Amino acid sequence: MIEIVPPAFIYIVGALLLALVRERRLRAFLQLFIPVVAFVDLLAMPEGTYWIYQFLGHELILGRVDKLSLCFGYVFVIMSFLGMVYALHVRDTGQHMAAFFYVGSTLGVTFAGDLFSLFAFWEIMAVTSVFLIWYQRDTAALEAGFRYIMVHIFGGCALLAGIIIHVVETGSTEFGLIGYGGLASQFMLLGFIINAAVPPFHAWLSDAYPEATVTGSVFLTAFTTKSAVYVLLRTFPGVELLVWLGAIMAVYGVVYAVLENDIRRLLAYHIISQVGYMVCGVGLGSYLAMNGSTAHAFCHILYKALLFMGVGAVIYVTGRRKLTELQGRNLYKQMPICLSLYMIGGFSISAVPLFNGFVSKTMVVAASGELHRPVIHLLLHLASIGTFLHTGLKLPYGTWFGRAPKGETVDEIEAHEPPLNMLIAMGMAAFLCIFTGVYPRVLYNLLPYPVDFQPYTPDKVIAMMQLLLLTAAAFWIYIDKLGGEATVSVDTDWFYRKPGLLLLWICVHPLQNLRLALQKSLAGKVAGVTSLSRNPILLPEIALKYLHLKAVKGLYRISGPSEERTEALRNLESRITELRSMSYDENLYRRPIGLGVLVAIILLFLYGLIYYLWLR
Amino acid sequence: MKRIWKYALIISIGVSMVIGLFFRPEHPHFWWEKIPIFDAVFGFLGCIVIVLGSKALGHRWLQKDEDYYRD
């Protein structure tokens with residue numbers, strides 16, 4: 001009999017164990033063993049609600065297990081295994097620990113049954129994932145990481161505000177259907193869509209993910225946005241706002257991907273685009289749409305990890321991350337296996353039939369058709385075109401083949417296939433992409449609602465093939481226009497980056513000058529007071545002399561100056577200066593001991609008097 | 001090598017269009033689903049719109065120097 005524990009704890013304990021292990025082989029074994037333990041744990045978890053703890057009069061539920069949470073749980077655990085295989089060669093134990101904490105907290109979110117434990121795991125997720133960015137150890141990563149964590153803390157605060165209002169209003173901490181309407185739901189929705197990277201709150205994703213470590217970014221692609229889709233499916237199904245946000249988001253990511261030069265940032269924009277389908281599915285709210293969102297999250301995690309692994313391998317081998325630095329170097333000759341595996345991911349995200357994107361994306365698109373939403377339907381179709389154009393054609397062409405612009409000298413790059421563990425991880429991800437594409441039933445059986453959907457009908461396959469083939473034709477026409485351009489694109493992060501710089505400037509220049517001026521004027525006053533405290537016993541005398549001086553000065557001003565008067569004034573002033581410069585000398589002020597006794601007796605007498613007259 | 005790909009693309013486009021004439025959706029939800037080769041036309045025009053539209057947006061407003069945030 002297996003004793004089941006919350007899967008989040010397996011990863012958190014695993015992360016702590018990793019810290020204790022010094023031996024490399026043992027560490028590698030642990031890295032792979034912990035996801036396996038978690039997977040077995042998941043298989044043994046029965047559906048139901050358990051692991052309930054009392055906390056401040058509320059219930060913390062760590063095990064709300066149903067088909068929806070299990071489906072996300074499976075893919076998160078599978079992904080953590082793939083990611084760990086990919087990262088096996090990395091000697092930085094801290095990175096692996098951060099990854100395990102991150103995965104663990106995501107599983108905590110997935111199986112949370114109440115809003116408080118949801119919030120706790122939600123915050124751990126943000127705080128641990130940022131280390132996957134910071135471990136890149138350069139300035140860009142440090143800065144992007146700070147922006148990332150600040151956006152997520154803002155989102156977390158919004159969520160907490162929403163939760164508190166919700167609990168006060170309804171008295172219930174249950175993490176279930178909330179529905180749109182009222183302040184509580186608006187705050188919670190804001191917190192969720194920040195993590196789902198819905199425009200205009202998406203810029204943290206395309207800003208930070210490309211700055212993460214090669215292996216860390218593979219983890220990042222999978223968990224934050226998809227766990228947000230999961231909580232949206234739980235709390236806000238059928239919200240009309242999400243339909244439009246999702247469809248716009250799907251196209252938005254595509255537009256920016258056209259302009260992008262950094263290969264991982266290009267893929268990051270396609271995460272936004274793909275999550276758009278899921279958010280749209282949540283908003284459409286029919287069984288088919290919600291199944292589609294879940295299925296698409298499942299498939300997306302696999303193929304997007306594969307894509308990030310592929311370009312990560314290029315960055316790992318060549319140290320270059322921009323199309324302008326890679327095009328025309330013909331890397332396909334040196335890394336053909338990597339390219340082929342990447343292309344499987346590229347076909348999957350583009351929804352080519354027999355790859356897994358086709359069996360999940362068509363569900364959401366079909367749902368928009370069934371619900372008669374023409375504009376949404378066309379927007380999603382348009383995003384499909386852009387997806388294939390970039391991840392399936394432009395990016396691989398520019399990275400592994402490509403033509404450098406005329407007149408530009410092309411330097412040779414020393415390249416080779418990435419380490420074996422990276423290739424194995426990519427191979428496994430590619431296998432899963434094709435497997436779920438060819439046998440969609442396996443995936444459909446995991447979905448929360450019964451599936452009555454057949455992706456492989458001749459008309460659907462043909463329509464998709466026409467769409468993709470003609471996209472390829474158009475790509476061929478514009479092939480030279482689509483090369484990388486050495487630019488960055490301003491996105492909504494402009495609204496906190498540029499004003500942030502302005503704020504910094506205000507602090508460094510005007511505020512700093514104000515501080516200096518204040519300090520200068522105050523320092524004089526402070527110095528005067530300090531000089532007085534040098535000899536406090538003389539203070540009364542100095543004060544008396546000072547008053548005398550002022551009085552004399554005032555009188556002289558009335559009666560008019562004369563030779564001797566100024567002389568007297570000068571004497572008075574020099575006397576004050578002399579007094580002030582005298583330092584305290586204890587021998588000068590020694591008094592007989594009897595004086596002290598007398599003072600004590602007087603005080604005692606006064607005390608007695610006060611006590612007897614008033615206080616008794 | 002390149003020429004082979006080009007011919008392969010053209011031939012598969014042709015084949016997919018011809019097959020597409022015979023397999024139509026059983027329950028079309030929108031009027032355009034009744035038009036044969038609609039998806040091909042939409043794919044071609046959509047791709048051009050995305051490329052030109054995004055590039056225009058980018059060149060006019062969005063694209064900046066690489067050290068835009070660094071000064």
# chains A, B, ... in the order shown; residues from 1 in each chain; ligands from 1
>>> interface_residues(of="chain A", to="chain B", cutoff="8 Å", atoms="only C-alpha atoms", output="ChimeraX atom specification")
/A:255-256,258-259,369-370,372,374,382,385-386,389,458-460,462-471,473-475,482,486-491,497-498
>>> residues_around(residues="A:Glu174", least_positions_apart="5", cutoff="12 Å", atoms="only C-alpha atoms", output="list in words")
Thr49, His58, Glu59, Leu60, Ile61, Leu62, Arg64, Ala112, Gly113, Asp114, Leu115, Phe116, Ser117, Leu118, Ile163, His166, Val167, Arg234 and Thr235 of chain A
>>> write_last_selection(atoms="C-alpha atoms", output="PDB file, in the first residue's frame")
ATOM      1  CA  THR A  49     -11.233  16.140  -1.309  1.00  0.00           C
ATOM      2  CA  HIS A  58     -10.627  28.313   8.163  1.00  0.00           C
ATOM      3  CA  GLU A  59      -9.990  25.069   6.370  1.00  0.00           C
ATOM      4  CA  LEU A  60      -6.842  24.603   4.297  1.00  0.00           C
ATOM      5  CA  ILE A  61      -7.472  21.978   1.657  1.00  0.00           C
ATOM      6  CA  LEU A  62      -4.367  20.619  -0.066  1.00  0.00           C
ATOM      7  CA  ARG A  64      -8.965  18.725  -4.191  1.00  0.00           C
ATOM      8  CA  ALA A 112      -5.497  23.574  -3.669  1.00  0.00           C
ATOM      9  CA  GLY A 113      -9.126  23.425  -2.577  1.00  0.00           C
ATOM     10  CA  ASP A 114      -9.323  26.747  -0.758  1.00  0.00           C
ATOM     11  CA  LEU A 115      -8.321  30.296  -1.574  1.00  0.00           C
ATOM     12  CA  PHE A 116      -5.738  30.693   1.211  1.00  0.00           C
ATOM     13  CA  SER A 117      -3.572  27.754   0.247  1.00  0.00           C
ATOM     14  CA  LEU A 118      -4.022  28.799  -3.399  1.00  0.00           C
ATOM     15  CA  ILE A 163      -9.662  36.932  -1.762  1.00  0.00           C
ATOM     16  CA  HIS A 166     -14.566  37.630  -1.224  1.00  0.00           C
ATOM     17  CA  VAL A 167     -14.124  35.932   2.150  1.00  0.00           C
ATOM     18  CA  ARG A 234     -12.001  26.816 -12.107  1.00  0.00           C
ATOM     19  CA  THR A 235     -13.172  30.296 -11.248  1.00  0.00           C
TER      20      THR A 235
END
>>> atom_distance(atom1="atom CA of A:Arg329", atom2="atom CA of A:Pro210")
21.7 Å
>>> closest_residue(among="A:Thr391, A:Thr399, A:Thr294, A:Thr492", to="A:Asn445", atoms="only C-alpha atoms")
A:Thr294
>>> residues_around(residues="A:Phe347", least_positions_apart="2", cutoff="10 Å", atoms="only C-alpha atoms", output="list of chain:residue names")
A:Tyr303, A:Tyr342, A:Met343, A:Ile344, A:Gly345, A:Ile349, A:Ser350, A:Ala351, A:Val352, A:Pro353, A:Leu354, A:Phe355, A:Asn356, A:Gly357, A:Phe358, A:Thr387, A:Phe388, A:Thr391, A:Gly392, A:Leu393, A:Cys433, A:Ile434
>>> residues_around(residues="A:Leu242", least_positions_apart="3", cutoff="10 Å", atoms="only C-alpha atoms", output="list of chain:residue names")
A:Leu189, A:Ile193, A:Val198, A:Leu232, A:Phe236, A:Pro237, A:Gly238, A:Val239, A:Leu245, A:Gly246, A:Ala247, A:Ile248, A:Met249, A:Gly276, A:Met278, A:Val279, A:Cys280, A:Gly281, A:Val282, A:Gly283, A:Leu284, A:Gly285
>>> write_last_selection(atoms="C-alpha atoms", output="JSON list (two decimals), in the first residue's frame")
[["chain", "number", "residue", "atom", "x", "y", "z"],
["A", 189, "LEU", "CA", -9.45, 38.16, -12.11],
["A", 193, "ILE", "CA", -4.79, 37.38, -15.87],
["A", 198, "VAL", "CA", -3.13, 38.71, -20.89],
["A", 232, "LEU", "CA", -9.35, 30.62, -14.70],
["A", 236, "PHE", "CA", -14.22, 32.23, -14.34],
["A", 237, "PRO", "CA", -15.59, 29.91, -17.04],
["A", 238, "GLY", "CA", -17.94, 31.56, -19.50],
["A", 239, "VAL", "CA", -16.88, 35.16, -18.80],
["A", 245, "LEU", "CA", -9.11, 39.17, -24.32],
["A", 246, "GLY", "CA", -8.11, 35.67, -25.43],
["A", 247, "ALA", "CA", -8.72, 36.24, -29.12],
["A", 248, "ILE", "CA", -6.95, 39.60, -29.12],
["A", 249, "MET", "CA", -4.08, 38.10, -27.16],
["A", 276, "GLY", "CA", -4.79, 33.35, -25.90],
["A", 278, "MET", "CA", -6.82, 28.82, -23.82],
["A", 279, "VAL", "CA", -8.13, 32.06, -22.28],
["A", 280, "CYS", "CA", -10.60, 32.35, -25.15],
["A", 281, "GLY", "CA", -11.72, 28.77, -24.53],
["A", 282, "VAL", "CA", -12.28, 29.55, -20.85],
["A", 283, "GLY", "CA", -14.38, 32.53, -21.86],
["A", 284, "LEU", "CA", -16.45, 30.57, -24.38],
["A", 285, "GLY", "CA", -17.31, 28.27, -21.51]]
>>> decode(residues="stretch 34-70 of chain B", atoms="N, CA and C atoms", output="PDB file, in the first residue's frame")
ATOM      1  N   LYS B  34     -18.729  27.510 -46.647  1.00  0.00           N
ATOM      2  CA  LYS B  34     -19.313  26.846 -47.815  1.00  0.00           C
ATOM      3  C   LYS B  34     -18.487  27.105 -49.058  1.00  0.00           C
ATOM      4  N   ILE B  35     -17.599  28.117 -49.025  1.00  0.00           N
ATOM      5  CA  ILE B  35     -16.800  28.451 -50.203  1.00  0.00           C
ATOM      6  C   ILE B  35     -15.619  27.497 -50.294  1.00  0.00           C
ATOM      7  N   PRO B  36     -15.434  26.818 -51.421  1.00  0.00           N
ATOM      8  CA  PRO B  36     -14.236  25.978 -51.553  1.00  0.00           C
ATOM      9  C   PRO B  36     -12.979  26.858 -51.575  1.00  0.00           C
ATOM     10  N   ILE B  37     -11.881  26.284 -51.192  1.00  0.00           N
ATOM     11  CA  ILE B  37     -10.562  26.927 -51.090  1.00  0.00           C
ATOM     12  C   ILE B  37     -10.573  28.236 -50.304  1.00  0.00           C
ATOM     13  N   PHE B  38     -11.601  28.436 -49.465  1.00  0.00           N
ATOM     14  CA  PHE B  38     -11.577  29.649 -48.642  1.00  0.00           C
ATOM     15  C   PHE B  38     -10.354  29.676 -47.737  1.00  0.00           C
ATOM     16  N   ASP B  39     -10.036  28.510 -47.138  1.00  0.00           N
ATOM     17  CA  ASP B  39      -8.929  28.484 -46.180  1.00  0.00           C
ATOM     18  C   ASP B  39      -7.605  28.825 -46.848  1.00  0.00           C
ATOM     19  N   ALA B  40      -7.449  28.378 -48.100  1.00  0.00           N
ATOM     20  CA  ALA B  40      -6.218  28.692 -48.819  1.00  0.00           C
ATOM     21  C   ALA B  40      -6.092  30.194 -49.029  1.00  0.00           C
ATOM     22  N   VAL B  41      -7.177  30.798 -49.494  1.00  0.00           N
ATOM     23  CA  VAL B  41      -7.141  32.242 -49.746  1.00  0.00           C
ATOM     24  C   VAL B  41      -6.909  32.997 -48.446  1.00  0.00           C
ATOM     25  N   PHE B  42      -7.611  32.543 -47.390  1.00  0.00           N
ATOM     26  CA  PHE B  42      -7.473  33.208 -46.099  1.00  0.00           C
ATOM     27  C   PHE B  42      -6.037  33.079 -45.589  1.00  0.00           C
ATOM     28  N   GLY B  43      -5.460  31.897 -45.772  1.00  0.00           N
ATOM     29  CA  GLY B  43      -4.074  31.688 -45.328  1.00  0.00           C
ATOM     30  C   GLY B  43      -3.117  32.616 -46.041  1.00  0.00           C
ATOM     31  N   PHE B  44      -3.281  32.713 -47.350  1.00  0.00           N
ATOM     32  CA  PHE B  44      -2.375  33.523 -48.156  1.00  0.00           C
ATOM     33  C   PHE B  44      -2.507  35.002 -47.820  1.00  0.00           C
ATOM     34  N   LEU B  45      -3.760  35.485 -47.849  1.00  0.00           N
ATOM     35  CA  LEU B  45      -3.972  36.911 -47.573  1.00  0.00           C
ATOM     36  C   LEU B  45      -3.667  37.241 -46.116  1.00  0.00           C
ATOM     37  N   GLY B  46      -4.060  36.326 -45.217  1.00  0.00           N
ATOM     38  CA  GLY B  46      -3.814  36.558 -43.801  1.00  0.00           C
ATOM     39  C   GLY B  46      -2.336  36.704 -43.520  1.00  0.00           C
ATOM     40  N   CYS B  47      -1.544  35.853 -44.137  1.00  0.00           N
ATOM     41  CA  CYS B  47      -0.103  35.903 -43.933  1.00  0.00           C
ATOM     42  C   CYS B  47       0.453  37.243 -44.409  1.00  0.00           C
ATOM     43  N   ILE B  48      -0.002  37.677 -45.591  1.00  0.00           N
ATOM     44  CA  ILE B  48       0.488  38.952 -46.123  1.00  0.00           C
ATOM     45  C   ILE B  48       0.073  40.105 -45.218  1.00  0.00           C
ATOM     46  N   VAL B  49      -1.180  40.044 -44.746  1.00  0.00           N
ATOM     47  CA  VAL B  49      -1.660  41.108 -43.847  1.00  0.00           C
ATOM     48  C   VAL B  49      -0.817  41.144 -42.578  1.00  0.00           C
ATOM     49  N   ILE B  50      -0.525  39.958 -42.023  1.00  0.00           N
ATOM     50  CA  ILE B  50       0.255  39.918 -40.783  1.00  0.00           C
ATOM     51  C   ILE B  50       1.650  40.509 -41.011  1.00  0.00           C
ATOM     52  N   VAL B  51       2.296  40.070 -42.092  1.00  0.00           N
ATOM     53  CA  VAL B  51       3.669  40.530 -42.339  1.00  0.00           C
ATOM     54  C   VAL B  51       3.682  42.042 -42.562  1.00  0.00           C
ATOM     55  N   LEU B  52       2.873  42.506 -43.515  1.00  0.00           N
ATOM     56  CA  LEU B  52       2.933  43.924 -43.863  1.00  0.00           C
ATOM     57  C   LEU B  52       2.402  44.795 -42.733  1.00  0.00           C
ATOM     58  N   GLY B  53       1.306  44.341 -42.118  1.00  0.00           N
ATOM     59  CA  GLY B  53       0.715  45.129 -41.031  1.00  0.00           C
ATOM     60  C   GLY B  53       1.667  45.279 -39.858  1.00  0.00           C
ATOM     61  N   SER B  54       2.258  44.151 -39.459  1.00  0.00           N
ATOM     62  CA  SER B  54       3.154  44.218 -38.302  1.00  0.00           C
ATOM     63  C   SER B  54       4.389  45.038 -38.619  1.00  0.00           C
ATOM     64  N   LYS B  55       4.919  44.843 -39.830  1.00  0.00           N
ATOM     65  CA  LYS B  55       6.125  45.597 -40.185  1.00  0.00           C
ATOM     66  C   LYS B  55       5.836  47.095 -40.201  1.00  0.00           C
ATOM     67  N   ALA B  56       4.656  47.449 -40.727  1.00  0.00           N
ATOM     68  CA  ALA B  56       4.305  48.872 -40.762  1.00  0.00           C
ATOM     69  C   ALA B  56       4.195  49.431 -39.348  1.00  0.00           C
ATOM     70  N   LEU B  57       3.487  48.683 -38.488  1.00  0.00           N
ATOM     71  CA  LEU B  57       3.369  49.102 -37.086  1.00  0.00           C
ATOM     72  C   LEU B  57       4.746  49.232 -36.459  1.00  0.00           C
ATOM     73  N   GLY B  58       5.574  48.219 -36.723  1.00  0.00           N
ATOM     74  CA  GLY B  58       6.898  48.182 -36.106  1.00  0.00           C
ATOM     75  C   GLY B  58       7.757  49.337 -36.551  1.00  0.00           C
ATOM     76  N   HIS B  59       7.804  49.558 -37.883  1.00  0.00           N
ATOM     77  CA  HIS B  59       8.690  50.610 -38.378  1.00  0.00           C
ATOM     78  C   HIS B  59       8.213  51.988 -37.964  1.00  0.00           C
ATOM     79  N   ARG B  60       6.891  52.136 -37.892  1.00  0.00           N
ATOM     80  CA  ARG B  60       6.387  53.460 -37.557  1.00  0.00           C
ATOM     81  C   ARG B  60       6.533  53.766 -36.066  1.00  0.00           C
ATOM     82  N   TRP B  61       6.151  52.787 -35.204  1.00  0.00           N
ATOM     83  CA  TRP B  61       6.090  53.099 -33.770  1.00  0.00           C
ATOM     84  C   TRP B  61       6.923  52.193 -32.873  1.00  0.00           C
ATOM     85  N   LEU B  62       6.835  50.905 -33.128  1.00  0.00           N
ATOM     86  CA  LEU B  62       7.244  49.985 -32.060  1.00  0.00           C
ATOM     87  C   LEU B  62       8.736  49.693 -32.011  1.00  0.00           C
ATOM     88  N   GLN B  63       9.389  49.640 -33.181  1.00  0.00           N
ATOM     89  CA  GLN B  63      10.787  49.218 -33.165  1.00  0.00           C
ATOM     90  C   GLN B  63      11.717  50.373 -32.816  1.00  0.00           C
ATOM     91  N   LYS B  64      12.616  50.095 -31.855  1.00  0.00           N
ATOM     92  CA  LYS B  64      13.559  51.126 -31.409  1.00  0.00           C
ATOM     93  C   LYS B  64      14.966  50.539 -31.441  1.00  0.00           C
ATOM     94  N   ASP B  65      15.929  51.416 -31.220  1.00  0.00           N
ATOM     95  CA  ASP B  65      17.312  50.967 -31.132  1.00  0.00           C
ATOM     96  C   ASP B  65      17.488  49.940 -30.027  1.00  0.00           C
ATOM     97  N   GLU B  66      18.513  49.098 -30.172  1.00  0.00           N
ATOM     98  CA  GLU B  66      18.669  48.021 -29.192  1.00  0.00           C
ATOM     99  C   GLU B  66      18.981  48.539 -27.790  1.00  0.00           C
ATOM    100  N   ASP B  67      19.613  49.730 -27.703  1.00  0.00           N
ATOM    101  CA  ASP B  67      19.901  50.241 -26.356  1.00  0.00           C
ATOM    102  C   ASP B  67      18.886  51.306 -25.936  1.00  0.00           C
ATOM    103  N   TYR B  68      17.633  51.118 -26.419  1.00  0.00           N
ATOM    104  CA  TYR B  68      16.578  52.078 -26.122  1.00  0.00           C
ATOM    105  C   TYR B  68      16.357  52.240 -24.624  1.00  0.00           C
ATOM    106  N   TYR B  69      16.432  51.123 -23.886  1.00  0.00           N
ATOM    107  CA  TYR B  69      16.169  51.200 -22.450  1.00  0.00           C
ATOM    108  C   TYR B  69      17.445  51.434 -21.642  1.00  0.00           C
ATOM    109  N   ARG B  70      18.553  51.647 -22.309  1.00  0.00           N
ATOM    110  CA  ARG B  70      19.826  51.651 -21.586  1.00  0.00           C
ATOM    111  C   ARG B  70      20.403  53.050 -21.347  1.00  0.00           C
TER     112      ARG B  70
END
